[in-house]
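Below is upload34.cif, which holds mmCIF, C-alpha atoms.
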```cif
data_my_file
#
loop_
_atom_site.label_atom_id
_atom_site.label_comp_id
_atom_site.auth_asym_id
_atom_site.auth_seq_id
_atom_site.Cartn_x
_atom_site.Cartn_y
_atom_site.Cartn_z
CA MET A 1 -15.20 24.59 -29.70
CA SER A 2 -18.65 23.22 -29.27
CA ASP A 3 -19.92 25.92 -26.93
CA ASN A 4 -19.42 28.61 -29.57
CA GLN A 5 -22.15 27.14 -31.71
CA PRO A 6 -25.66 28.35 -30.95
CA ILE A 7 -27.55 25.82 -28.89
CA LYS A 8 -30.87 25.07 -30.50
CA LYS A 9 -32.48 22.95 -27.87
CA ARG A 10 -31.34 21.44 -24.63
CA GLU A 11 -29.86 18.01 -24.96
CA PRO A 12 -31.32 15.39 -22.59
CA LEU A 13 -28.91 14.33 -19.84
CA PHE A 14 -28.52 10.82 -21.16
CA SER A 15 -28.88 11.35 -24.88
CA ALA A 16 -27.50 8.73 -27.27
CA GLN A 17 -24.46 10.93 -27.77
CA ASN A 18 -23.81 11.18 -24.06
CA LEU A 19 -24.31 7.48 -23.46
CA LYS A 20 -21.73 6.81 -26.11
CA LEU A 21 -19.23 8.78 -24.03
CA LEU A 22 -20.01 6.51 -21.12
CA LYS A 23 -19.95 3.23 -23.02
CA GLY A 24 -17.18 3.86 -25.54
CA PRO A 25 -14.36 3.20 -23.11
CA PHE A 26 -15.77 -0.26 -22.39
CA SER A 27 -15.14 -1.58 -25.86
CA GLN A 28 -14.14 0.55 -28.85
CA ASN A 29 -12.10 3.00 -26.89
CA ASN A 30 -10.91 1.20 -23.77
CA PRO A 31 -8.05 3.12 -22.15
CA ILE A 32 -6.02 0.01 -21.38
CA THR A 33 -6.68 -2.42 -24.19
CA VAL A 34 -7.14 0.04 -27.06
CA GLN A 35 -5.40 3.25 -26.04
CA VAL A 36 -2.82 1.19 -24.06
CA LEU A 37 -2.61 3.75 -21.25
CA GLY A 38 -2.23 3.12 -17.54
CA ILE A 39 -0.57 -0.27 -17.99
CA CYS A 40 1.91 0.24 -15.15
CA SER A 41 -0.69 0.44 -12.41
CA ALA A 42 -2.78 -2.24 -14.10
CA LEU A 43 0.08 -4.66 -13.58
CA ALA A 44 0.87 -3.59 -10.07
CA VAL A 45 -2.46 -3.53 -8.27
CA THR A 46 -4.22 -6.52 -9.80
CA VAL A 47 -2.87 -9.29 -7.59
CA GLN A 48 -6.08 -9.31 -5.57
CA MET A 49 -9.55 -8.09 -6.38
CA LYS A 50 -10.11 -5.79 -3.43
CA PRO A 51 -7.19 -3.42 -4.08
CA ALA A 52 -8.01 -3.54 -7.79
CA ILE A 53 -11.58 -2.41 -7.15
CA VAL A 54 -10.48 0.35 -4.80
CA MET A 55 -7.88 1.48 -7.33
CA ALA A 56 -10.50 1.42 -10.09
CA LEU A 57 -12.88 3.53 -8.00
CA SER A 58 -10.11 5.96 -7.11
CA VAL A 59 -9.13 6.42 -10.74
CA MET A 60 -12.77 6.81 -11.73
CA ILE A 61 -13.36 9.51 -9.14
CA VAL A 62 -10.23 11.36 -10.20
CA THR A 63 -10.93 11.12 -13.94
CA ALA A 64 -14.55 12.17 -13.51
CA PHE A 65 -13.91 15.14 -11.26
CA SER A 66 -10.74 16.36 -12.93
CA ASN A 67 -12.61 16.27 -16.25
CA LEU A 68 -15.52 18.13 -14.67
CA ILE A 69 -13.38 20.78 -12.99
CA ILE A 70 -11.18 21.40 -16.03
CA SER A 71 -14.22 21.57 -18.26
CA VAL A 72 -15.82 24.18 -16.00
CA MET A 73 -12.59 26.18 -15.99
CA ARG A 74 -11.72 25.61 -19.66
CA ASN A 75 -12.56 29.06 -20.96
CA GLY A 76 -10.51 30.81 -18.29
CA ILE A 77 -7.40 28.67 -18.44
CA PRO A 78 -4.54 30.49 -20.17
CA PRO A 79 -3.27 28.08 -22.86
CA SER A 80 0.35 28.76 -21.96
CA ILE A 81 -0.09 27.22 -18.49
CA ARG A 82 -2.87 24.74 -19.20
CA ILE A 83 -0.78 21.63 -18.52
CA ILE A 84 0.24 23.07 -15.14
CA VAL A 85 -3.36 23.85 -14.30
CA GLN A 86 -4.42 20.36 -15.30
CA LEU A 87 -1.69 18.80 -13.19
CA VAL A 88 -2.58 20.91 -10.17
CA VAL A 89 -6.20 19.78 -10.38
CA ILE A 90 -5.24 16.13 -10.83
CA ALA A 91 -2.65 16.23 -8.06
CA ALA A 92 -5.03 17.89 -5.62
CA LEU A 93 -7.74 15.32 -6.30
CA VAL A 94 -5.33 12.41 -6.01
CA ILE A 95 -3.99 13.67 -2.69
CA ILE A 96 -7.52 14.00 -1.34
CA VAL A 97 -8.38 10.48 -2.51
CA ASP A 98 -5.16 9.16 -0.98
CA GLN A 99 -5.96 10.84 2.35
CA LEU A 100 -9.48 9.43 2.29
CA LEU A 101 -8.18 5.92 1.64
CA LYS A 102 -5.68 6.26 4.48
CA ALA A 103 -8.48 7.33 6.79
CA PHE A 104 -11.14 4.82 5.87
CA VAL A 105 -9.60 1.78 4.15
CA TYR A 106 -6.14 1.74 5.67
CA ASP A 107 -5.26 -1.86 4.84
CA VAL A 108 -6.13 -1.38 1.17
CA SER A 109 -4.28 1.92 1.02
CA LYS A 110 -1.18 0.13 2.29
CA LYS A 111 -1.46 -2.46 -0.47
CA LEU A 112 -1.91 0.21 -3.11
CA SER A 113 1.01 2.13 -1.55
CA VAL A 114 2.61 4.40 -4.12
CA PHE A 115 0.20 3.55 -6.89
CA VAL A 116 -2.48 5.90 -5.60
CA GLY A 117 0.03 8.73 -5.74
CA LEU A 118 1.04 7.59 -9.19
CA ILE A 119 -2.50 8.12 -10.48
CA ILE A 120 -1.19 11.65 -11.00
CA THR A 121 1.09 10.40 -13.73
CA ASN A 122 -1.49 8.04 -15.19
CA CYS A 123 -1.68 8.93 -18.86
CA ILE A 124 -5.42 8.32 -18.96
CA LEU A 125 -6.00 11.46 -16.91
CA MET A 126 -3.91 13.93 -18.85
CA GLY A 127 -5.07 12.30 -22.05
CA ARG A 128 -8.74 12.81 -21.27
CA LEU A 129 -8.21 16.36 -20.03
CA GLU A 130 -6.30 17.42 -23.13
CA ALA A 131 -8.39 15.52 -25.62
CA PHE A 132 -11.83 15.96 -24.16
CA ALA A 133 -12.40 18.20 -21.15
CA MET A 134 -10.60 21.21 -22.65
CA ALA A 135 -13.07 21.27 -25.52
CA ASN A 136 -16.35 19.97 -24.14
CA LYS A 137 -19.08 20.97 -21.74
CA PRO A 138 -18.91 19.92 -18.07
CA TRP A 139 -21.61 17.24 -18.11
CA GLN A 140 -20.20 15.50 -21.17
CA SER A 141 -16.72 15.72 -19.69
CA PHE A 142 -17.93 14.25 -16.44
CA LEU A 143 -19.50 11.31 -18.30
CA ASP A 144 -16.36 10.85 -20.34
CA GLY A 145 -14.35 10.74 -17.11
CA ILE A 146 -16.69 8.19 -15.53
CA GLY A 147 -16.63 6.13 -18.71
CA ASN A 148 -12.85 6.08 -18.95
CA GLY A 149 -12.50 5.36 -15.26
CA LEU A 150 -14.92 2.46 -15.58
CA GLY A 151 -13.22 1.16 -18.72
CA TYR A 152 -9.92 1.18 -16.88
CA GLY A 153 -11.54 -0.38 -13.82
CA LEU A 154 -13.20 -3.11 -15.85
CA ILE A 155 -9.85 -4.37 -17.10
CA LEU A 156 -8.38 -4.14 -13.61
CA VAL A 157 -11.20 -6.20 -12.16
CA VAL A 158 -11.05 -8.82 -14.92
CA VAL A 159 -7.29 -9.18 -14.61
CA SER A 160 -7.39 -9.31 -10.82
CA PHE A 161 -10.21 -11.89 -10.96
CA PHE A 162 -8.01 -14.33 -12.84
CA ARG A 163 -4.88 -13.51 -10.89
CA GLU A 164 -6.46 -13.92 -7.47
CA LEU A 165 -8.41 -17.01 -8.52
CA LEU A 166 -5.46 -18.82 -10.05
CA GLY A 167 -2.75 -17.36 -7.84
CA TYR A 168 -4.37 -17.71 -4.42
CA GLY A 169 -7.50 -19.80 -5.06
CA LYS A 170 -9.48 -16.95 -3.55
CA LEU A 171 -11.82 -14.17 -4.64
CA MET A 172 -12.14 -10.97 -2.62
CA GLY A 173 -10.13 -12.77 0.06
CA PHE A 174 -12.54 -15.71 0.36
CA ARG A 175 -11.43 -19.19 -0.58
CA VAL A 176 -13.39 -20.40 -3.61
CA ILE A 177 -11.38 -23.39 -4.75
CA PRO A 178 -12.46 -26.19 -2.41
CA GLU A 179 -10.02 -27.99 -0.17
CA SER A 180 -10.69 -31.27 -1.99
CA PHE A 181 -9.05 -29.86 -5.13
CA TYR A 182 -5.85 -29.23 -3.21
CA GLN A 183 -5.95 -32.73 -1.73
CA ALA A 184 -6.36 -34.08 -5.25
CA GLY A 185 -3.10 -32.38 -6.16
CA TYR A 186 -4.20 -28.94 -7.39
CA VAL A 187 -1.61 -26.26 -6.73
CA ASN A 188 -2.01 -22.47 -6.84
CA ASN A 189 -0.06 -20.94 -9.68
CA GLY A 190 2.51 -18.73 -7.98
CA MET A 191 3.37 -17.16 -11.34
CA MET A 192 -0.02 -15.43 -11.42
CA ILE A 193 0.99 -13.32 -8.42
CA LEU A 194 3.99 -11.89 -10.26
CA PRO A 195 3.68 -8.87 -12.59
CA PRO A 196 4.62 -10.69 -15.84
CA MET A 197 1.43 -12.73 -15.68
CA ALA A 198 -0.61 -9.54 -15.45
CA LEU A 199 0.98 -8.43 -18.69
CA ILE A 200 0.12 -11.76 -20.29
CA THR A 201 -3.45 -11.55 -18.95
CA VAL A 202 -3.86 -8.04 -20.34
CA GLY A 203 -2.35 -9.27 -23.61
CA THR A 204 -4.88 -12.10 -23.75
CA ILE A 205 -7.73 -9.64 -23.22
CA ILE A 206 -6.40 -7.44 -26.03
CA TRP A 207 -6.10 -10.51 -28.26
CA ILE A 208 -9.68 -11.63 -27.57
CA GLN A 209 -11.00 -8.11 -28.08
CA ARG A 210 -9.21 -7.62 -31.38
CA SER A 211 -10.15 -10.99 -32.75
CA LYS A 212 -13.80 -10.10 -32.11
CA ASN A 213 -13.53 -6.55 -33.32
CA ARG A 214 -11.39 -6.48 -36.44
CA ASP A 215 -11.61 -2.69 -36.79
CA LEU A 216 -9.19 -2.33 -33.88
CA ILE A 217 -6.38 -4.21 -35.61
CA GLU A 218 -3.71 -1.81 -36.80
CA LYS A 219 -2.70 -2.17 -40.42
CA MET B 1 -5.27 36.18 -25.55
CA PHE B 2 -4.43 36.27 -21.89
CA SER B 3 -2.06 38.85 -20.49
CA ASN B 4 0.85 37.95 -18.26
CA ARG B 5 -0.86 39.75 -15.43
CA TYR B 6 -3.90 37.51 -15.84
CA ILE B 7 -1.74 34.39 -15.90
CA PHE B 8 0.08 35.36 -12.70
CA ILE B 9 -3.11 36.22 -10.85
CA TYR B 10 -4.82 33.10 -12.18
CA SER B 11 -2.06 30.77 -10.99
CA SER B 12 -1.69 32.50 -7.62
CA ILE B 13 -5.39 32.20 -6.86
CA MET B 14 -5.45 28.61 -8.04
CA VAL B 15 -2.54 27.63 -5.82
CA VAL B 16 -4.08 29.30 -2.75
CA ILE B 17 -7.44 27.60 -3.28
CA VAL B 18 -5.84 24.20 -3.75
CA ALA B 19 -3.62 24.69 -0.70
CA ILE B 20 -6.62 25.55 1.47
CA ALA B 21 -8.58 22.56 0.20
CA LEU B 22 -5.72 20.15 0.84
CA ALA B 23 -4.95 21.58 4.26
CA LEU B 24 -8.60 21.23 5.28
CA ALA B 25 -8.74 17.65 4.05
CA ALA B 26 -5.55 16.75 5.89
CA ILE B 27 -6.74 18.25 9.17
CA GLN B 28 -10.19 16.71 8.99
CA LEU B 29 -8.90 13.23 8.23
CA LYS B 30 -5.96 13.18 10.60
CA PRO B 31 -7.76 11.66 13.62
CA PHE B 32 -8.99 8.73 11.50
CA GLN B 33 -5.56 8.16 10.03
CA GLU B 34 -3.87 8.23 13.40
CA ASN B 35 -6.33 5.77 14.83
CA ASN B 36 -5.60 3.43 11.92
CA LYS B 37 -1.89 3.63 12.68
CA ARG B 38 -2.54 2.90 16.35
CA VAL B 39 -4.65 -0.15 15.54
CA GLU B 40 -2.04 -1.36 13.08
CA LYS B 41 0.65 -1.08 15.74
CA MET B 42 -1.47 -3.18 18.10
CA GLN B 43 -1.96 -5.75 15.36
CA ASN B 44 1.77 -5.83 14.71
CA ILE B 45 2.64 -6.31 18.36
CA LEU B 46 0.11 -9.13 18.70
CA SER B 47 1.31 -10.68 15.46
CA SER B 48 4.79 -11.00 16.96
CA VAL B 49 3.38 -13.26 19.69
CA ASN B 50 1.55 -15.23 16.99
CA ILE B 51 -1.92 -13.91 17.69
CA GLU B 52 -3.98 -13.23 14.59
CA THR B 53 -6.14 -10.12 14.73
CA THR B 54 -8.47 -8.18 12.52
CA VAL B 55 -8.86 -4.41 12.42
CA LYS B 56 -12.08 -4.79 14.42
CA ASN B 57 -10.87 -6.95 17.30
CA ALA B 58 -7.29 -5.68 17.55
CA GLU B 59 -7.94 -3.18 20.31
CA GLU B 60 -9.90 -5.66 22.41
CA LEU B 61 -7.32 -8.44 21.99
CA TYR B 62 -4.49 -6.02 22.70
CA LYS B 63 -6.09 -5.13 26.04
CA LYS B 64 -6.60 -8.81 26.76
CA TYR B 65 -3.10 -10.09 26.04
CA ILE B 66 -0.75 -7.18 26.63
CA THR B 67 -0.74 -6.95 30.39
CA ALA B 68 2.01 -4.40 30.91
CA THR B 69 4.34 -2.13 29.05
CA TYR B 70 7.38 -0.21 30.13
CA VAL B 71 10.29 1.73 28.77
CA VAL B 72 13.94 0.86 29.23
CA ASN B 73 17.15 2.63 28.39
CA ILE B 74 20.26 1.13 26.90
CA LYS B 75 21.45 -0.13 30.30
CA GLY B 76 18.16 -1.92 30.84
CA GLU B 77 16.94 0.47 33.56
CA LYS B 78 13.27 1.22 33.62
CA ILE B 79 12.30 4.77 32.76
CA ASP B 80 9.12 6.17 34.27
CA LYS B 81 6.59 8.59 32.89
CA ILE B 82 6.97 7.62 29.25
CA ASN B 83 4.28 5.62 27.53
CA ALA B 84 5.89 2.70 25.73
CA PHE B 85 3.22 2.70 23.04
CA ASP B 86 4.05 6.26 22.01
CA ILE B 87 7.72 5.58 21.38
CA ASP B 88 8.77 5.84 17.78
CA LEU B 89 12.16 4.23 17.18
CA TYR B 90 12.71 6.54 14.24
CA TYR B 91 13.23 9.41 16.67
CA GLU B 92 15.06 7.30 19.26
CA PHE B 93 17.77 6.33 16.79
CA LYS B 94 18.42 10.00 16.09
CA LYS B 95 19.44 10.46 19.72
CA LYS B 96 22.72 9.48 21.35
CA ALA B 97 22.83 5.85 22.50
CA GLU B 98 22.60 6.75 26.21
CA ASP B 99 19.49 8.86 25.69
CA ARG B 100 17.53 6.31 23.72
CA HIS B 101 14.38 4.77 25.08
CA PHE B 102 13.07 1.39 24.04
CA PRO B 103 9.60 -0.02 24.56
CA VAL B 104 8.94 -3.43 26.11
CA TYR B 105 5.50 -5.01 25.88
CA ILE B 106 4.62 -7.92 28.12
CA ALA B 107 2.08 -10.39 26.84
CA LYS B 108 0.36 -13.14 28.80
CA LEU B 109 -0.27 -15.95 26.32
CA GLU B 110 -3.05 -18.58 26.27
CA SER B 111 -0.47 -21.21 27.24
CA GLY B 112 0.25 -19.28 30.43
CA ASP B 113 3.70 -18.27 29.20
CA THR B 114 4.87 -14.69 29.39
CA ALA B 115 6.27 -13.10 26.27
CA PHE B 116 8.47 -10.02 26.08
CA VAL B 117 7.92 -8.06 22.88
CA LEU B 118 10.73 -5.80 21.70
CA ALA B 119 10.56 -3.23 18.92
CA LEU B 120 12.89 -3.20 15.92
CA ARG B 121 13.70 -0.69 13.23
CA GLY B 122 16.28 -0.63 10.47
CA LYS B 123 16.95 -0.09 6.79
CA GLY B 124 15.94 -2.27 3.88
CA LEU B 125 16.87 -1.71 0.28
CA TRP B 126 14.53 1.16 -0.56
CA GLY B 127 13.44 2.48 2.79
CA PRO B 128 12.82 1.70 6.43
CA ILE B 129 11.90 -1.74 7.70
CA TRP B 130 10.59 -2.40 11.17
CA GLY B 131 9.06 -5.08 13.29
CA TYR B 132 8.56 -6.70 16.65
CA MET B 133 10.13 -9.78 18.14
CA SER B 134 8.95 -11.65 21.19
CA PHE B 135 11.06 -13.68 23.60
CA LYS B 136 10.44 -16.28 26.26
CA THR B 137 11.36 -15.47 29.85
CA ASP B 138 14.88 -16.82 29.25
CA MET B 139 15.33 -13.73 27.00
CA ASN B 140 16.95 -16.01 24.49
CA THR B 141 14.33 -18.12 22.71
CA ILE B 142 12.19 -16.36 20.14
CA ILE B 143 8.43 -16.90 20.34
CA GLY B 144 7.59 -15.05 17.18
CA ALA B 145 8.52 -12.19 14.93
CA MET B 146 6.77 -9.69 12.77
CA PHE B 147 8.34 -7.50 10.11
CA ASP B 148 6.99 -4.83 7.85
CA HIS B 149 8.48 -2.41 5.35
CA LYS B 150 7.76 0.83 3.62
CA GLY B 151 8.58 0.02 0.03
CA GLU B 152 10.65 -3.11 -0.51
CA THR B 153 10.36 -4.75 -3.92
CA PRO B 154 7.14 -6.77 -4.17
CA GLY B 155 7.81 -10.47 -4.53
CA LEU B 156 11.44 -10.06 -3.46
CA GLY B 157 12.44 -7.99 -0.41
CA ALA B 158 8.80 -7.38 0.44
CA GLU B 159 8.52 -11.08 1.34
CA ILE B 160 9.79 -10.20 4.84
CA ASP B 161 6.21 -9.30 5.73
CA THR B 162 4.93 -12.80 4.97
CA LYS B 163 4.20 -15.39 7.65
CA ILE B 164 6.31 -17.95 5.79
CA PHE B 165 9.40 -15.86 6.38
CA GLN B 166 8.49 -14.71 9.87
CA ASN B 167 7.60 -18.15 11.20
CA GLN B 168 11.17 -19.31 10.59
CA PHE B 169 12.25 -17.26 13.58
CA GLN B 170 10.18 -19.25 16.05
CA ASN B 171 12.26 -21.16 18.62
CA LYS B 172 15.55 -19.79 17.31
CA THR B 173 17.91 -18.39 19.95
CA ILE B 174 19.99 -15.25 20.03
CA TYR B 175 22.73 -16.47 22.43
CA ASN B 176 24.95 -19.50 21.84
CA GLU B 177 25.68 -22.21 24.46
CA ASN B 178 28.40 -20.06 26.00
CA GLY B 179 26.01 -17.19 26.48
CA LYS B 180 27.56 -15.11 23.73
CA PHE B 181 25.21 -12.82 21.76
CA THR B 182 24.90 -14.10 18.20
CA SER B 183 21.69 -12.44 17.00
CA ILE B 184 19.99 -14.13 14.02
CA GLN B 185 21.56 -14.40 10.60
CA THR B 186 19.72 -14.51 7.31
CA VAL B 187 21.61 -17.13 5.34
CA LYS B 188 21.85 -16.86 1.58
CA GLY B 189 21.05 -20.21 0.01
CA GLY B 190 19.24 -21.41 3.12
CA ALA B 191 20.20 -22.01 6.75
CA LYS B 192 21.21 -25.46 7.92
CA LYS B 193 18.46 -27.38 9.67
CA ASP B 194 20.14 -27.40 13.08
CA ASP B 195 21.25 -23.77 12.87
CA MET B 196 19.77 -22.19 15.98
CA HIS B 197 20.84 -18.68 15.00
CA GLY B 198 20.05 -18.58 11.29
CA VAL B 199 17.07 -18.45 8.97
CA ASP B 200 16.75 -18.69 5.19
CA GLY B 201 17.39 -15.39 3.45
CA ILE B 202 15.04 -14.32 0.68
CA SER B 203 16.03 -15.24 -2.86
CA GLY B 204 16.37 -12.04 -4.84
CA GLY B 205 16.04 -10.02 -1.67
CA THR B 206 19.57 -10.24 -0.36
CA ILE B 207 19.95 -6.56 0.49
CA THR B 208 16.65 -6.53 2.36
CA SER B 209 17.61 -9.77 4.13
CA LYS B 210 20.97 -8.34 5.16
CA GLY B 211 19.27 -5.10 6.23
CA LEU B 212 16.95 -7.16 8.40
CA GLU B 213 19.90 -9.03 9.86
CA LYS B 214 21.60 -5.73 10.69
CA MET B 215 18.36 -4.38 12.17
CA LEU B 216 18.14 -7.42 14.47
CA PHE B 217 21.78 -7.13 15.49
CA ASP B 218 21.65 -3.37 16.14
CA CYS B 219 18.34 -3.29 17.95
CA LEU B 220 18.98 -6.38 20.04
CA THR B 221 22.39 -4.96 20.92
CA ASP B 222 20.64 -1.86 22.22
CA TYR B 223 18.34 -4.10 24.22
CA GLN B 224 21.32 -6.05 25.67
CA GLY B 225 21.07 -4.22 28.99
CA PHE B 226 17.45 -5.21 29.36
CA LEU B 227 17.96 -8.77 28.13
CA THR B 228 20.87 -9.64 30.43
CA LYS B 229 19.25 -7.97 33.43
CA ASN B 230 16.01 -9.88 33.14
CA LYS B 231 17.40 -13.26 32.11
CA ASN B 232 15.83 -16.19 33.96
CA ASN B 233 13.73 -14.32 36.42
#
```

File written out as structure tokens:
Amino acid sequence: MSDNQPIKKREPLFSAQNLKLLKGPFSQNNPITVQVLGICSALAVTVQMKPAIVMALSVMIVTAFSNLIISVMRNGIPPSIRIIVQLVVIAALVIIVDQLLKAFVYDVSKKLSVFVGLIITNCILMGRLEAFAMANKPWQSFLDGIGNGLGYGLILVVVSFFRELLGYGKLMGFRVIPESFYQAGYVNNGMMILPPMALITVGTIIWIQRSKNRDLIEK
Amino acid sequence: MFSNRYIFIYSSIMVVIVAIALALAAIQLKPFQENNKRVEKMQNILSSVNIETTVKNAEELYKKYITATYVVNIKGEKIDKINAFDIDLYYEFKKKAEDRHFPVYIAKLESGDTAFVLALRGKGLWGPIWGYMSFKTDMNTIIGAMFDHKGETPGLGAEIDTKIFQNQFQNKTIYNENGKFTSIQTVKGGAKKDDMHGVDGISGGTITSKGLEKMLFDCLTDYQGFLTKNKNN
């Protein structure tokens, strides 16, 4: 464990090492496209941009704070019940987020329906807690949580951008494809609204990413 | 290593702290959540008389269009001292038929017509479905309908909450020429064009469609007393 080593000098808050934690999940270590976690919700909530953004923010808040809390507690958590402790922290945070959404963005919370509750079972969370927060200091864990939340959110937003644009001709609920297109015979692609197209969109993103970054291709 | 004693104390304290935090959050946020539900109900009621609302103007438009509300029992008699808006059909259907109360909302439309909005509740495939349906003063012709659901399958049963589905109900009738109650059927494969008592069911959402059909039949049957009493006056 890193905290057992003597600390020579204080690390700056945003050292290169720490920034890597924040940025890694955007490319090399993206939870959806590289680690292939959290696919279920990525398919379900990306029909429109607004719910996707709210979902992304919710996941980011939960990953960041569960990482932070578990990291603070990590030396006191008995290993035999650590998974239970992690789940309790995640579940409590998710319930609070769910209640906040119901109170302040009711229409979005209805669209997200069960998927907010299902953040609890999102593999990204448990994965980050086990792999990172249990062995690292709070600030680094917090950054790692934010980074992974953002990496997840980025894919959600990109997928929902294409799905809402092509499926409804709208972005964030506003019509962007002009009426003249429709009169000229343009039709919204109803397929984009259905989950299979989200899978294909995510697949396309993975394809583009791997063709640019050959290191990610499995042998 | 950690002793068993430590583990027990650790988990007990953790559970108590989490319980307190969640209870506090739930209590603090409850008023906001209840207001959201209230506004949504107003939006739903207005949607059934084909008035589009937003979260912001729902309350104002509700006050403008809904001129009166009252509560009826299964015989169609008015019941005093109960606020129609507070009635939750979930609890009413747990009671015996004679003890049930049903809300009636009266809307004055732009066209000058009066609409009677009735509440509906039933079962879909995965959970409850509910809605509102508004009638002309003949208590037969439908002005509009609004349906919503808790967790029907997106893209299939969940389509009952779309305008495309709901608009089919407009101008349909629930009694045939002989005055017999027919309700509205959801027809698999599509209703015939001149079918006054049928709408297209949802492809891939047959169980939800049939649940909706049953909801209409059951709820409108319970409203029979009210409907026959107030016909044509």

Result set, the PyMOL selection byres ((chain A) within 7 of (chain B)) on current file, as a PyMOL selection string: chain A and resi 78+92+96+99+102-103+106

Export C-alpha atoms of the chosen residues as a PDB file, in the frame of the given file?
```pdb
ATOM      1  CA  PRO A  78      -4.540  30.490 -20.170  1.00  0.00           C
ATOM      2  CA  ALA A  92      -5.030  17.890  -5.620  1.00  0.00           C
ATOM      3  CA  ILE A  96      -7.520  14.000  -1.340  1.00  0.00           C
ATOM      4  CA  GLN A  99      -5.960  10.840   2.350  1.00  0.00           C
ATOM      5  CA  LYS A 102      -5.680   6.260   4.480  1.00  0.00           C
ATOM      6  CA  ALA A 103      -8.480   7.330   6.790  1.00  0.00           C
ATOM      7  CA  TYR A 106      -6.140   1.740   5.670  1.00  0.00           C
TER       8      TYR A 106
END
```

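Considering the residues B:Ser209, B:Thr67, B:Asn73, B:Thr53 and counting all atoms listed in the file, Val117 of chain B has its shortest atom-to-atom contact with B:Thr67.
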
Shell around Ser113 of chain A at 12 Å using all atoms listed in the file, local window under 5 positions removed, as a VMD selection string: (chain A and resid 41 44 to 45 51 55 98 to 99 101 to 102 106 to 108 118 to 119) or (chain B and resid 149 to 154)

Matched chain/residue IDs from the PyMOL selection byres ((chain A and resi 131-145) around 9), as a ChimeraX atom specification: /A:1-3,13,18-25,60-75,125-130,146-150

Distance in Å - atom CA of Lys75 of chain B versus atom CA of Gly225 of chain B: 4.3 Å

Explicit residues for the PyMOL selection byres ((chain B and resi 97) around 12) (as a ChimeraX atom specification): /B:73-75,91-96,98-102,218-219,221-223

Interatomic distance, atom CA of Ile27 of chain B to atom CA of Asn57 of chain B (Å, one decimal): 26.8 Å

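Counting from atom CA of Val159 of chain A, the distance to atom CA of Val34 of chain A is 15.5 Å.
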
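Using only C-alpha atoms for every distance, the candidate list A:Ile155, A:Ser58, A:Val116, A:Met49 yields A:Ile155 as the residue closest to Leu37 of chain A.
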
Close residues, Ile32 of chain A itself excluded, 8 Å, only C-alpha atoms, min 6 positions apart in chain, as JSON, numbers by chain: {"A": [38, 39, 151, 152, 155]}

Nearest candidate to Ile45 of chain B (options B:Gly144, B:Gly127, B:Gly204, B:Gly122; using all atoms listed in the file): B:Gly144

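Nearest residue to Asn167 of chain B, choosing from B:Thr114, B:Gln185, B:Ser48, B:Gln43 and counting all atoms listed in the file: B:Ser48.
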
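The environment of Val49 of chain B within 9 Å, counting only C-alpha atoms and disregarding residues fewer than 3 places along the same chain, consists of Ile45, Leu46, Glu52, Ala107, Leu109, Ala115, Phe116, Val117, Tyr132, Met133, Ser134, Phe135, Ile143, Gly144, Ala145 and Met146 of chain B.
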
Nearest to Leu194 of chain A by atom-to-atom distance, counting only C-alpha atoms, from B:Val104, B:Ala58, B:Leu216, B:Leu156: B:Leu156

Neighbour list for Gly112 of chain B as a PyMOL selection string, cut-off 12 Å, all atoms listed in the file, skip fewer than 5 positions in-chain: chain B and resi 65+107+136-137

Produce a file of the selected residues containing C-alpha atoms, as a PDB file, in the coordinates of the input.
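Result written to out32.pdb:
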```
ATOM      1  CA  TYR B  65      -3.100 -10.090  26.040  1.00  0.00           C
ATOM      2  CA  ALA B 107       2.080 -10.390  26.840  1.00  0.00           C
ATOM      3  CA  LYS B 136      10.440 -16.280  26.260  1.00  0.00           C
ATOM      4  CA  THR B 137      11.360 -15.470  29.850  1.00  0.00           C
TER       5      THR B 137
END
```
